>>> print(open('final23.cif').read())   # mmCIF, C-alpha atoms
data_data
#
loop_
_atom_site.label_atom_id
_atom_site.label_comp_id
_atom_site.auth_asym_id
_atom_site.auth_seq_id
_atom_site.Cartn_x
_atom_site.Cartn_y
_atom_site.Cartn_z
CA MET R 1484 123.46 68.59 87.75
CA VAL R 1485 120.40 67.43 85.79
CA MET R 1486 118.13 69.01 88.42
CA VAL R 1487 119.97 72.34 88.11
CA TRP R 1488 119.59 72.46 84.33
CA PHE R 1489 115.95 71.43 84.57
CA ILE R 1490 115.06 74.24 86.98
CA LEU R 1491 117.09 76.86 85.12
CA GLY R 1492 115.60 75.61 81.85
CA LEU R 1493 112.09 76.16 83.21
CA TYR R 1494 113.03 79.70 84.24
CA ILE R 1495 114.39 80.47 80.78
CA LEU R 1496 111.36 78.90 79.08
CA ALA R 1497 108.99 80.91 81.31
CA LEU R 1498 110.95 84.06 80.50
CA PHE R 1499 110.37 83.66 76.77
CA SER R 1500 106.99 81.90 76.95
CA GLY R 1501 105.02 84.92 75.74
CA THR R 1502 107.31 85.60 72.79
CA LEU R 1503 107.55 81.93 71.81
CA SER R 1504 103.79 81.53 72.10
CA ARG R 1505 103.21 84.45 69.72
CA LEU R 1506 105.83 83.23 67.26
CA LEU R 1507 104.39 79.72 67.14
CA THR R 1508 100.80 80.97 66.97
CA GLU R 1509 101.23 83.75 64.42
CA GLN R 1510 104.01 82.31 62.24
CA LEU R 1511 103.26 78.59 62.32
CA GLY R 1512 99.55 78.65 63.14
CA LEU R 1513 99.95 76.44 66.22
CA GLY R 1514 96.94 77.45 68.30
CA GLY R 1515 97.95 75.21 71.19
CA ALA R 1516 101.09 77.29 71.74
CA ARG R 1517 99.00 79.87 73.62
CA TYR R 1518 98.86 77.40 76.52
CA MET R 1519 102.64 77.31 76.93
CA ASP R 1520 102.46 78.69 80.48
CA GLU R 1521 100.11 75.90 81.51
CA ALA R 1522 102.39 73.34 79.83
CA ILE R 1523 105.38 74.62 81.84
CA LEU R 1524 103.40 74.31 85.08
CA LEU R 1525 102.22 70.78 84.24
CA LEU R 1526 105.79 69.71 83.44
CA LEU R 1527 106.98 71.15 86.75
CA LEU R 1528 104.23 69.40 88.72
CA LEU R 1529 104.94 66.10 86.96
CA VAL R 1530 108.67 66.15 87.69
CA VAL R 1531 108.23 67.33 91.30
CA GLY R 1532 105.55 64.67 91.85
CA LEU R 1533 107.85 61.93 90.58
CA LEU R 1534 110.74 63.17 92.73
CA VAL R 1535 108.57 63.31 95.84
CA LEU R 1536 107.24 59.79 95.19
CA ARG R 1537 110.81 58.58 94.76
CA ARG R 1538 111.85 60.13 98.07
CA GLY R 1539 108.64 58.94 99.71
CA ARG R 1540 108.20 62.13 101.72
CA LEU R 1541 106.52 65.48 101.05
CA PRO R 1542 107.99 68.47 102.92
CA THR R 1543 105.50 69.91 105.38
CA SER R 1544 104.24 73.48 105.09
CA PRO R 1545 101.37 75.43 106.69
CA ILE R 1546 100.64 76.84 103.23
CA TYR R 1547 98.85 73.60 102.32
CA ALA R 1548 96.25 74.29 105.01
CA PHE R 1549 95.71 77.87 103.82
CA LEU R 1550 95.44 76.71 100.20
CA LEU R 1551 92.77 74.25 101.29
CA LEU R 1552 90.89 76.95 103.23
CA PHE R 1553 91.09 79.39 100.30
CA SER R 1554 89.83 76.68 97.94
CA LEU R 1555 86.92 75.69 100.19
CA LEU R 1556 85.79 79.30 100.55
CA GLY R 1557 85.86 79.78 96.78
CA TRP R 1558 83.92 76.58 96.11
CA LEU R 1559 81.35 77.46 98.78
CA THR R 1560 80.77 80.82 97.10
CA SER R 1561 80.58 79.19 93.67
CA LEU R 1562 77.93 76.74 94.90
CA LEU R 1563 75.89 79.49 96.54
CA GLN R 1564 76.07 81.62 93.39
CA ARG R 1565 75.34 78.59 91.15
CA VAL R 1566 78.38 79.07 88.95
CA PRO R 1567 78.55 76.52 86.07
CA ALA R 1568 80.87 73.64 86.94
CA ASP R 1569 83.28 74.12 84.02
CA VAL R 1570 83.59 77.86 84.68
CA ALA R 1571 84.15 77.28 88.41
CA LEU R 1572 86.77 74.58 87.79
CA LEU R 1573 88.81 76.69 85.38
CA GLY R 1574 88.48 79.74 87.63
CA PHE R 1575 89.63 77.70 90.61
CA LEU R 1576 92.71 76.39 88.78
CA LEU R 1577 93.69 79.90 87.68
CA ALA R 1578 93.13 81.57 91.07
CA THR R 1579 95.11 78.94 93.00
CA LYS R 1580 97.96 78.89 90.45
CA PRO R 1581 100.29 81.18 92.50
CA LEU R 1582 100.16 78.97 95.59
CA VAL R 1583 100.52 75.81 93.50
CA ILE R 1584 103.71 77.16 91.90
CA TYR R 1585 105.05 78.12 95.32
CA LEU R 1586 104.34 74.69 96.80
CA ALA R 1587 105.81 72.90 93.78
CA TYR R 1588 109.14 74.67 94.19
CA HIS R 1589 108.94 74.40 97.97
CA SER R 1590 108.68 70.61 97.59
CA LEU R 1591 111.81 70.21 95.45
CA PRO R 1592 114.10 67.60 97.07
CA LEU R 1593 117.56 69.20 96.90
CA ASP R 1594 120.94 68.38 98.40
CA GLU R 1595 123.72 70.79 99.35
CA ALA R 1596 125.67 70.45 96.09
CA THR R 1597 122.57 71.02 93.96
CA ALA R 1598 121.54 73.99 96.09
CA ALA R 1599 124.96 75.62 95.69
CA ARG R 1600 124.90 75.12 91.91
CA LEU R 1601 121.39 76.54 91.72
CA LEU R 1602 122.41 79.69 93.58
CA ALA R 1603 125.30 80.18 91.17
CA GLY R 1604 123.09 79.44 88.17
CA LEU R 1605 120.40 81.90 89.25
CA ASP R 1606 123.04 84.59 89.71
CA LYS R 1607 124.23 84.07 86.12
CA LEU R 1608 120.61 84.07 84.93
CA PHE R 1609 119.82 87.44 86.53
CA ILE R 1610 123.06 88.99 85.26
CA THR R 1611 122.49 87.72 81.72
CA LEU R 1612 118.84 88.78 81.75
CA THR R 1613 119.68 92.32 82.86
CA ILE R 1614 122.41 92.88 80.29
CA ALA R 1615 120.64 91.15 77.39
CA ALA R 1616 117.21 92.75 77.91
CA VAL R 1617 118.51 96.32 78.23
CA ALA R 1618 121.06 95.89 75.42
CA TYR R 1619 118.38 94.53 73.06
CA SER R 1620 116.08 97.45 73.85
CA LEU R 1621 118.80 100.08 73.41
CA LEU R 1622 120.03 98.62 70.13
CA PHE R 1623 116.78 97.76 68.37
CA GLU R 1624 114.11 99.96 69.96
CA GLN R 1625 115.98 103.13 70.87
CA LEU R 1626 118.69 103.19 68.18
CA LEU R 1627 117.16 101.39 65.18
CA HIS R 1628 113.50 102.07 66.15
CA VAL R 1629 112.42 98.54 65.30
CA ASN R 1630 111.65 95.37 67.23
CA LEU R 1631 112.16 92.11 65.35
CA LEU R 1632 110.06 90.03 67.73
CA PRO R 1633 106.24 89.90 67.82
CA GLY R 1634 104.38 91.97 70.40
CA VAL R 1635 102.19 95.01 70.94
CA ALA R 1636 102.76 98.25 69.06
CA PRO R 1637 104.59 101.05 70.92
CA GLY R 1638 102.28 102.95 73.27
CA GLN R 1639 101.97 106.58 74.32
CA ILE R 1640 105.27 108.48 74.57
CA ARG R 1641 106.18 109.38 78.17
CA PHE R 1642 109.10 111.51 79.36
CA GLY R 1643 110.16 111.71 75.70
CA LEU R 1644 110.55 107.93 75.53
CA THR R 1645 108.62 105.38 73.50
CA PRO R 1646 107.69 102.53 75.91
CA ALA R 1647 110.19 99.71 75.41
CA ARG R 1648 109.37 96.00 75.63
CA SER R 1649 112.76 94.49 74.69
CA PHE R 1650 112.33 90.81 73.70
CA PHE R 1651 109.03 90.55 75.59
CA VAL R 1652 105.57 90.97 74.03
CA HIS R 1653 104.61 94.03 76.09
CA PRO R 1654 106.34 96.75 78.16
CA SER R 1655 104.74 95.45 81.39
CA PRO R 1656 106.61 92.10 81.55
CA PHE R 1657 109.81 93.88 80.53
CA THR R 1658 109.62 96.47 83.31
CA SER R 1659 108.41 93.88 85.84
CA MET R 1660 111.35 91.58 85.15
CA MET R 1661 113.76 94.52 85.26
CA THR R 1662 112.27 95.55 88.61
CA LEU R 1663 112.77 92.01 89.90
CA ALA R 1664 116.35 92.03 88.60
CA ALA R 1665 116.96 95.38 90.32
CA PHE R 1666 115.74 93.90 93.61
CA TYR R 1667 118.13 90.98 93.16
CA HIS R 1668 121.16 93.14 92.36
CA PHE R 1669 120.41 95.46 95.28
CA GLY R 1670 120.19 92.47 97.63
CA ARG R 1671 123.50 91.16 96.31
CA LEU R 1672 125.04 94.60 96.73
CA LEU R 1673 124.05 94.73 100.39
CA GLN R 1674 125.11 91.16 101.11
CA MET R 1675 128.15 90.61 98.89
CA LYS R 1676 129.49 94.20 98.64
CA ARG R 1677 130.55 93.64 95.01
CA PRO R 1678 130.94 96.74 92.79
CA HIS R 1679 129.49 95.08 89.68
CA SER R 1680 126.18 94.63 91.52
CA LEU R 1681 125.84 98.43 91.66
CA LEU R 1682 126.38 98.67 87.90
CA LEU R 1683 123.84 95.91 87.27
CA LEU R 1684 121.37 97.63 89.60
CA ALA R 1685 121.73 100.85 87.61
CA LEU R 1686 121.31 98.93 84.35
CA ALA R 1687 118.13 97.18 85.57
CA ALA R 1688 116.73 100.51 86.85
CA GLY R 1689 117.45 101.95 83.41
CA GLY R 1690 115.37 99.15 81.90
CA VAL R 1691 112.48 100.08 84.20
CA ILE R 1692 112.71 103.68 83.02
CA LEU R 1693 112.80 102.61 79.36
CA GLY R 1694 109.54 100.71 79.85
CA THR R 1695 107.84 103.80 81.35
CA ARG R 1696 105.29 101.74 83.33
CA ILE R 1697 103.88 103.79 86.21
CA LYS R 1698 103.55 100.87 88.63
CA ALA R 1699 107.16 99.76 88.15
CA LEU R 1700 108.46 103.31 88.55
CA PHE R 1701 106.53 103.61 91.83
CA LEU R 1702 107.35 100.17 93.22
CA LEU R 1703 111.05 99.97 92.37
CA PRO R 1704 112.03 102.32 95.25
CA VAL R 1705 109.44 100.70 97.52
CA GLY R 1706 110.94 97.23 97.00
CA ILE R 1707 114.47 98.55 97.50
CA LEU R 1708 113.35 100.15 100.77
CA VAL R 1709 111.83 96.85 101.93
CA ILE R 1710 115.07 94.99 101.19
CA TYR R 1711 117.16 97.62 102.99
CA ALA R 1712 114.90 97.47 106.04
CA LEU R 1713 115.17 93.66 106.25
CA ALA R 1714 118.93 93.68 105.70
CA SER R 1715 119.47 96.37 108.34
CA MET R 1716 117.66 94.59 111.15
CA ARG R 1717 119.94 92.64 113.47
CA GLN R 1718 118.18 90.62 116.15
CA GLY R 1719 115.34 93.12 116.27
CA HIS R 1720 117.65 96.16 116.64
CA LEU R 1721 118.59 98.81 114.09
CA LYS R 1722 122.01 100.44 114.18
CA VAL R 1723 122.17 104.25 114.19
CA LYS R 1724 124.17 104.27 110.94
CA ASN R 1725 121.63 102.05 109.19
CA ALA R 1726 118.76 104.11 110.58
CA LEU R 1727 120.24 107.31 109.15
CA LEU R 1728 120.89 105.68 105.78
CA GLY R 1729 117.37 104.22 105.82
CA THR R 1730 115.90 107.66 106.54
CA LEU R 1731 117.85 109.11 103.62
CA LEU R 1732 116.61 106.27 101.40
CA VAL R 1733 113.00 106.94 102.46
CA VAL R 1734 113.38 110.62 101.58
CA VAL R 1735 114.87 109.75 98.18
CA CYS R 1736 112.03 107.27 97.53
CA LEU R 1737 109.38 109.84 98.49
CA VAL R 1738 110.94 112.45 96.21
CA PHE R 1739 111.15 109.87 93.41
CA VAL R 1740 107.51 108.83 93.83
CA GLY R 1741 106.33 112.43 94.19
CA LEU R 1742 108.17 113.44 91.02
CA PHE R 1743 106.49 110.80 88.90
CA ALA R 1744 103.13 111.38 90.56
CA ASN R 1745 103.38 115.04 89.56
CA LEU R 1746 104.45 114.19 86.00
CA LEU R 1747 101.64 111.66 85.62
CA GLN R 1748 98.91 113.43 87.60
CA ASP R 1749 96.56 113.62 84.60
CA VAL R 1750 96.77 109.85 84.11
CA LEU R 1751 96.27 109.14 87.81
CA LEU R 1752 93.26 111.48 88.15
CA THR R 1753 91.64 109.92 85.10
CA ARG R 1754 92.03 106.39 86.44
CA LEU R 1755 91.09 107.09 90.05
CA SER R 1756 88.03 109.26 89.38
CA GLU R 1757 84.64 107.71 90.17
CA GLU R 1758 83.33 108.90 86.81
CA SER R 1759 86.30 107.41 84.99
CA ALA R 1760 85.67 105.31 81.90
CA ASN R 1761 88.83 103.36 82.76
CA VAL R 1762 87.96 99.67 83.07
CA ARG R 1763 90.40 99.05 85.92
CA SER R 1764 88.82 101.69 88.14
CA GLN R 1765 85.28 100.53 87.42
CA LEU R 1766 86.21 96.87 87.95
CA LEU R 1767 87.39 97.61 91.47
CA ARG R 1768 84.38 99.80 92.21
CA TYR R 1769 81.89 97.10 91.23
CA ALA R 1770 83.90 94.36 92.95
CA LEU R 1771 83.05 96.18 96.17
CA VAL R 1772 79.39 96.27 95.12
CA ILE R 1773 79.46 92.49 94.60
CA ASN R 1774 80.85 92.05 98.12
CA ALA R 1775 78.16 94.29 99.59
CA GLU R 1776 75.50 92.15 97.92
CA SER R 1777 77.06 88.79 98.81
CA SER R 1778 77.99 89.54 102.44
CA GLY R 1779 81.68 89.53 101.54
CA LEU R 1780 81.69 86.11 99.84
CA GLY R 1781 82.09 87.26 96.22
CA ALA R 1782 80.61 85.98 92.97
CA GLY R 1783 82.42 82.63 92.70
CA TRP R 1784 85.25 81.18 90.62
CA GLY R 1785 85.59 82.39 87.03
CA THR R 1786 82.89 85.08 87.16
CA TYR R 1787 84.63 88.44 87.57
CA GLY R 1788 87.95 90.04 86.62
CA SER R 1789 89.65 86.82 85.51
CA ALA R 1790 90.62 85.51 82.10
CA ILE R 1791 87.92 82.85 82.50
CA SER R 1792 85.20 85.48 82.96
CA ALA R 1793 86.42 87.51 79.98
CA LEU R 1794 87.62 84.97 77.41
CA TYR R 1795 86.07 81.60 78.23
CA HIS R 1796 82.60 82.56 79.45
CA TYR R 1797 81.85 86.29 79.25
CA SER R 1798 80.33 87.17 82.62
CA SER R 1799 76.83 88.58 82.99
CA TYR R 1800 78.22 90.99 85.61
CA TYR R 1801 79.89 93.00 82.85
CA TYR R 1802 76.51 93.61 81.18
CA ARG R 1803 74.86 94.41 84.49
CA PHE R 1804 77.43 97.02 85.57
CA GLY R 1805 77.88 98.52 82.10
CA LEU R 1806 81.49 97.39 81.79
CA SER R 1807 80.63 95.84 78.42
CA GLU R 1808 80.14 99.37 77.07
CA LEU R 1809 83.63 100.57 78.02
CA TYR R 1810 86.68 100.36 75.80
CA GLY R 1811 88.55 97.16 76.63
CA GLY R 1812 85.59 95.68 78.49
CA SER R 1813 83.34 94.46 75.68
CA LEU R 1814 82.72 90.91 74.53
CA THR R 1815 84.73 91.51 71.34
CA ASN R 1816 87.54 93.39 73.08
CA PRO R 1817 87.83 92.26 76.74
CA SER R 1818 91.57 92.95 77.03
CA PHE R 1819 91.32 95.33 80.03
CA LEU R 1820 88.98 93.09 82.06
CA THR R 1821 91.94 91.01 83.23
CA ASP R 1822 94.09 94.02 84.19
CA GLN R 1823 93.05 94.20 87.84
CA TRP R 1824 94.19 91.52 90.29
CA TRP R 1825 92.47 93.17 93.25
CA SER R 1826 89.14 93.27 91.43
CA TRP R 1827 89.54 89.66 90.34
CA TYR R 1828 90.12 88.18 93.79
CA LEU R 1829 87.74 90.51 95.60
CA GLY R 1830 85.05 89.92 93.00
CA GLU R 1831 85.35 86.14 92.85
CA THR R 1832 86.38 85.13 96.41
CA GLY R 1833 85.11 88.15 98.37
CA TYR R 1834 86.64 89.92 101.31
CA LEU R 1835 87.06 86.66 103.22
CA GLY R 1836 88.80 84.70 100.47
CA THR R 1837 91.06 87.61 99.54
CA ALA R 1838 91.99 88.09 103.21
CA VAL R 1839 92.94 84.40 103.50
CA PHE R 1840 95.05 84.63 100.34
CA LEU R 1841 96.83 87.80 101.48
CA PHE R 1842 97.47 86.34 104.94
CA THR R 1843 99.02 83.31 103.22
CA LEU R 1844 101.36 85.59 101.28
CA LEU R 1845 102.25 87.44 104.50
CA LEU R 1846 103.11 84.11 106.11
CA ILE R 1847 105.35 83.26 103.15
CA MET R 1848 107.05 86.67 103.48
CA ALA R 1849 107.65 86.06 107.18
CA GLN R 1850 109.28 82.70 106.37
CA LEU R 1851 111.47 84.34 103.75
CA ALA R 1852 112.50 87.10 106.15
CA HIS R 1853 113.47 84.46 108.73
CA ILE R 1854 115.51 82.58 106.12
CA ALA R 1855 117.27 85.78 105.08
CA ALA R 1856 118.18 86.56 108.69
CA TYR R 1857 119.47 83.00 109.23
CA TRP R 1858 121.77 82.99 106.19
CA ARG R 1859 122.82 86.67 106.29
CA ASP R 1860 126.29 85.83 107.64
CA ARG R 1861 126.41 82.13 106.78
CA ARG R 1862 125.57 82.19 103.04
CA PRO R 1863 124.92 85.75 101.83
CA ALA R 1864 123.87 84.65 98.33
CA LEU R 1865 120.83 82.83 99.73
CA ALA R 1866 119.96 85.79 101.97
CA ALA R 1867 120.04 88.09 98.91
CA LEU R 1868 117.71 85.74 97.03
CA ALA R 1869 115.35 85.68 100.02
CA TYR R 1870 115.29 89.50 100.11
CA THR R 1871 114.48 89.46 96.39
CA ALA R 1872 111.59 87.07 96.94
CA VAL R 1873 110.07 89.27 99.68
CA ALA R 1874 110.29 92.43 97.56
CA ALA R 1875 108.89 90.53 94.56
CA LEU R 1876 105.82 89.47 96.55
CA VAL R 1877 105.26 93.07 97.65
CA TYR R 1878 105.51 94.12 94.01
CA GLY R 1879 103.07 91.44 92.85
CA VAL R 1880 100.41 92.37 95.40
CA VAL R 1881 100.65 96.18 95.22
CA ALA R 1882 100.94 96.25 91.42
CA GLY R 1883 97.74 94.21 91.33
CA TYR R 1884 95.81 97.41 90.78
CA ALA R 1885 97.17 97.51 87.22
CA GLY R 1886 97.60 93.84 86.32
CA ALA R 1887 97.47 90.22 87.44
CA TYR R 1888 101.17 89.99 88.25
CA LEU R 1889 100.90 87.00 90.57
CA THR R 1890 99.47 84.79 87.81
CA SER R 1891 100.66 86.18 84.47
CA ALA R 1892 103.92 85.01 82.90
CA PRO R 1893 106.75 85.51 83.23
CA ILE R 1894 106.66 87.72 86.33
CA GLY R 1895 104.04 85.68 88.21
CA TYR R 1896 106.02 82.49 87.67
CA TYR R 1897 109.22 84.14 88.92
CA ILE R 1898 107.58 85.76 91.97
CA MET R 1899 106.00 82.60 93.33
CA SER R 1900 108.70 80.14 92.25
CA LEU R 1901 111.52 82.17 93.82
CA ALA R 1902 109.65 82.22 97.12
CA GLY R 1903 109.22 78.43 97.06
CA LEU R 1904 112.75 77.79 95.80
CA VAL R 1905 114.29 79.85 98.62
CA CYS R 1906 112.51 77.59 101.11
CA ALA R 1907 113.76 74.45 99.32
CA LEU R 1908 117.34 75.81 99.23
CA HIS R 1909 117.14 76.71 102.92
CA ARG R 1910 115.90 73.24 103.81
CA ALA R 1911 118.71 71.54 101.86
CA LEU R 1912 121.54 73.73 103.11
CA ALA R 1913 120.34 73.81 106.73
CA ARG R 1914 119.94 70.02 106.82
CA ASP R 1915 123.47 69.44 105.55
CA ARG R 1916 124.86 72.07 107.91
CA ILE R 1917 123.20 70.38 110.90
CA ASN R 1918 124.49 66.97 109.77
CA ARG R 1919 128.06 68.30 109.61
CA MET R 1920 127.75 69.73 113.13
CA LYS R 1921 126.73 66.35 114.61
CA PRO R 1922 129.61 64.50 116.34
CA THR R 1923 130.86 61.43 114.49
CA PRO R 1924 129.94 58.27 116.43
CA VAL R 1925 132.91 56.28 117.79
CA ASN R 1926 133.20 52.67 116.67
CA PRO R 1927 133.10 50.50 119.84
CA VAL R 1928 135.88 48.30 118.42
CA PHE R 1929 138.35 51.20 118.66
CA SER R 1930 136.95 52.68 121.87
CA SER R 1931 139.19 52.75 124.94
CA HIS R 1932 136.35 51.04 126.83
CA ALA R 1933 136.29 48.04 124.48
#
>>> encode(input="final23.cif", output="structure tokens")
Amino acid sequence: MVMVWFILGLYILALFSGTLSRLLTEQLGLGGARYMDEAILLLLLLVVGLLVLRRGRLPTSPIYAFLLLFSLLGWLTSLLQRVPADVALLGFLLATKPLVIYLAYHSLPLDEATAARLLAGLDKLFITLTIAAVAYSLLFEQLLHVNLLPGVAPGQIRFGLTPARSFFVHPSPFTSMMTLAAFYHFGRLLQMKRPHSLLLLALAAGGVILGTRIKALFLLPVGILVIYALASMRQGHLKVKNALLGTLLVVVCLVFVGLFANLLQDVLLTRLSEESANVRSQLLRYALVINAESSGLGAGWGTYGSAISALYHYSSYYYRFGLSELYGGSLTNPSFLTDQWWSWYLGETGYLGTAVFLFTLLLIMAQLAHIAAYWRDRRPALAALAYTAVAALVYGVVAGYAGAYLTSAPIGYYIMSLAGLVCALHRALARDRINRMKPTPVNPVFSSHA
């Protein structure tokens, strides 16, 4: 039971890490509170390390080999580009953070009872999060027009709505977590066939709309379509009924995406234009230039598109490409320089390193899809969580054009930890299931042949 509360406690702490960090920093002047995300990760690694040492065995995973390959490629590039050691080290730790979180949760030594309690606890967590986050936003932001918690000021009004952030510091984490919750409730709806899951799905989708983030509005139907496709496949075959429903869902998704693309066409044209002064667009453009100049190896750890290159050691690449002259890209205001995951990984690790990282994520998705198929009829709750983890990874990668969602809290922590936790739950439940299926050995004393 202690393990269950520890894991759920970390999830809750990660959920409120941004808000707590701002409260402690702004109200109490505790500068160290800004490193709360790193403190959560260190606590997780410490506890998992102690548990693994106690068990004396580390679960095997091919992801270790890919993490090593990704790391070696990044360090090779950093040496060739002569990146300062401190910058390279911090950049390395930040870039490998997603896979470290995944492996930490993957390594959790769980038994069947703990796994069952964790599944039940996570269900309560997602239900509570959905209801509380949307209710807080409706009451304080939409009705009273005030938010009592620290965070960014309301942004540009879209669709007649002021972007909501609920009890988060920014609309992006709010909509991202609501998107993740919607994935979870849709997975539960398909697997468990419970009516309240449909209501919770609608509530979470309403939260996504309240946040008015373009990426979340686009990727919510995409993730739902991915989950439906995985849940509909049975031993490589698709039933006619499911195929028809899937086609209808695709049409609805395309209409949904097309509607918002039409409503937001001015924003999209501004950001995607080659002459755009938008930092995100220019970051990606010059990341490709860096790859052309470095034969696809990149600029090295901590030098481009990361928090290290913007806040710790302002990169010379920003002066060279004129990004320092753009709003949100200057030395005094570098806030938009960390808003592009694709630019970050392409710029620092090159085509080769980014390809290795993406292949690693694809391998994790394949494992999760296999786990979902295995438990679809045996333990539907675990299958629903596996579907959620796959859709969350798709969201994290595709939304990388407008943010570093695989590394920023709380969404990055949830995306990678859920993927690793599903593997740990599968390992625990499958092991106990196999042990129960083994025949009980007969004591020779009571055997008829004695």
>>> residues_around(input="final23.cif", residues="Asp1520 of chain R", least_positions_apart="3", cutoff="12 Å", atoms="all atoms listed in the file", output="number ranges by chain")
R: 1493-1494, 1496-1504, 1515-1517, 1523-1527, 1577, 1580, 1584, 1890-1896
>>> closest_residue(input="final23.cif", among="R:Leu1673, R:Ala1882, R:Leu1608, R:Leu1771", to="Thr1658 of chain R", atoms="all atoms listed in the file")
R:Ala1882
>>> resolve_selection(input="final23.cif", expression="the PyMOL selection byres ((chain R and resi 1660) around 9)", output="compact mmCIF listing (two decimals) with C-alpha atoms, keeping the file's coordinate frame")
# COMPACT_ATOMS: atom_id res chain seq x y z
CA LEU R 1498 110.95 84.06 80.50
CA LEU R 1612 118.84 88.78 81.75
CA THR R 1613 119.68 92.32 82.86
CA SER R 1655 104.74 95.45 81.39
CA PRO R 1656 106.61 92.10 81.55
CA PHE R 1657 109.81 93.88 80.53
CA THR R 1658 109.62 96.47 83.31
CA SER R 1659 108.41 93.88 85.84
CA MET R 1661 113.76 94.52 85.26
CA THR R 1662 112.27 95.55 88.61
CA LEU R 1663 112.77 92.01 89.90
CA ALA R 1664 116.35 92.03 88.60
CA ALA R 1665 116.96 95.38 90.32
CA ALA R 1687 118.13 97.18 85.57
CA VAL R 1691 112.48 100.08 84.20
CA PRO R 1893 106.75 85.51 83.23
CA ILE R 1894 106.66 87.72 86.33
CA TYR R 1897 109.22 84.14 88.92
>>> resolve_selection(input="final23.cif", expression="the PyMOL selection byres ((chain R and resi 1582) around 10)", output="list in words")
Ile1546, Tyr1547, Phe1549, Leu1550, Ala1578, Thr1579, Lys1580, Pro1581, Val1583, Ile1584, Tyr1585, Leu1586, Ala1587, Phe1840, Thr1843, Leu1844, Leu1889, Thr1890, Met1899, Ser1900 and Gly1903 of chain R
>>> residues_around(input="final23.cif", residues="Ser1777 of chain R", least_positions_apart="5", cutoff="9 Å", atoms="all atoms listed in the file", output="list of chain:residue names")
R:Thr1560, R:Val1772, R:Ala1782, R:Gly1833
>>> residues_around(input="final23.cif", residues="Gly1886 of chain R", least_positions_apart="3", cutoff="7 Å", atoms="all atoms listed in the file", output="ChimeraX atom specification")
/R:1822-1824,1882-1883
>>> write_last_selection(input="final23.cif", atoms="C-alpha atoms", output="JSON list (two decimals), in the frame of the given file")
[["chain", "number", "residue", "atom", "x", "y", "z"],
["R", 1822, "ASP", "CA", 94.09, 94.02, 84.19],
["R", 1823, "GLN", "CA", 93.05, 94.20, 87.84],
["R", 1824, "TRP", "CA", 94.19, 91.52, 90.29],
["R", 1882, "ALA", "CA", 100.94, 96.25, 91.42],
["R", 1883, "GLY", "CA", 97.74, 94.21, 91.33]]
>>> residues_around(input="final23.cif", residues="segment 1616-1632 of chain R", least_positions_apart="6", cutoff="9 Å", atoms="only C-alpha atoms", output="PyMOL selection string")
chain R and resi 1502+1506+1644-1645+1647-1652+1657+1661+1686-1687+1689-1690+1693
>>> closest_residue(input="final23.cif", among="R:Val1880, R:Leu1713, R:Arg1862, R:Ile1490", to="Ala1849 of chain R", atoms="all atoms listed in the file")
R:Leu1713
>>> resolve_selection(input="final23.cif", expression="the PyMOL selection byres ((chain R and resi 1588-1597) around 10)", output="ChimeraX atom specification")
/R:1484-1487,1490,1527-1528,1530-1532,1534-1535,1537-1538,1540-1544,1583-1587,1598-1603,1899-1916
>>> write_last_selection(input="final23.cif", atoms="C-alpha atoms", output="CSV table (one decimal), in the frame of the given file")
chain,number,residue,atom,x,y,z
R,1484,MET,CA,123.5,68.6,87.8
R,1485,VAL,CA,120.4,67.4,85.8
R,1486,MET,CA,118.1,69.0,88.4
R,1487,VAL,CA,120.0,72.3,88.1
R,1490,ILE,CA,115.1,74.2,87.0
R,1527,LEU,CA,107.0,71.2,86.8
R,1528,LEU,CA,104.2,69.4,88.7
R,1530,VAL,CA,108.7,66.2,87.7
R,1531,VAL,CA,108.2,67.3,91.3
R,1532,GLY,CA,105.6,64.7,91.8
R,1534,LEU,CA,110.7,63.2,92.7
R,1535,VAL,CA,108.6,63.3,95.8
R,1537,ARG,CA,110.8,58.6,94.8
R,1538,ARG,CA,111.8,60.1,98.1
R,1540,ARG,CA,108.2,62.1,101.7
R,1541,LEU,CA,106.5,65.5,101.0
R,1542,PRO,CA,108.0,68.5,102.9
R,1543,THR,CA,105.5,69.9,105.4
R,1544,SER,CA,104.2,73.5,105.1
R,1583,VAL,CA,100.5,75.8,93.5
R,1584,ILE,CA,103.7,77.2,91.9
R,1585,TYR,CA,105.0,78.1,95.3
R,1586,LEU,CA,104.3,74.7,96.8
R,1587,ALA,CA,105.8,72.9,93.8
R,1598,ALA,CA,121.5,74.0,96.1
R,1599,ALA,CA,125.0,75.6,95.7
R,1600,ARG,CA,124.9,75.1,91.9
R,1601,LEU,CA,121.4,76.5,91.7
R,1602,LEU,CA,122.4,79.7,93.6
R,1603,ALA,CA,125.3,80.2,91.2
R,1899,MET,CA,106.0,82.6,93.3
R,1900,SER,CA,108.7,80.1,92.2
R,1901,LEU,CA,111.5,82.2,93.8
R,1902,ALA,CA,109.6,82.2,97.1
R,1903,GLY,CA,109.2,78.4,97.1
R,1904,LEU,CA,112.8,77.8,95.8
R,1905,VAL,CA,114.3,79.8,98.6
R,1906,CYS,CA,112.5,77.6,101.1
R,1907,ALA,CA,113.8,74.4,99.3
R,1908,LEU,CA,117.3,75.8,99.2
R,1909,HIS,CA,117.1,76.7,102.9
R,1910,ARG,CA,115.9,73.2,103.8
R,1911,ALA,CA,118.7,71.5,101.9
R,1912,LEU,CA,121.5,73.7,103.1
R,1913,ALA,CA,120.3,73.8,106.7
R,1914,ARG,CA,119.9,70.0,106.8
R,1915,ASP,CA,123.5,69.4,105.6
R,1916,ARG,CA,124.9,72.1,107.9
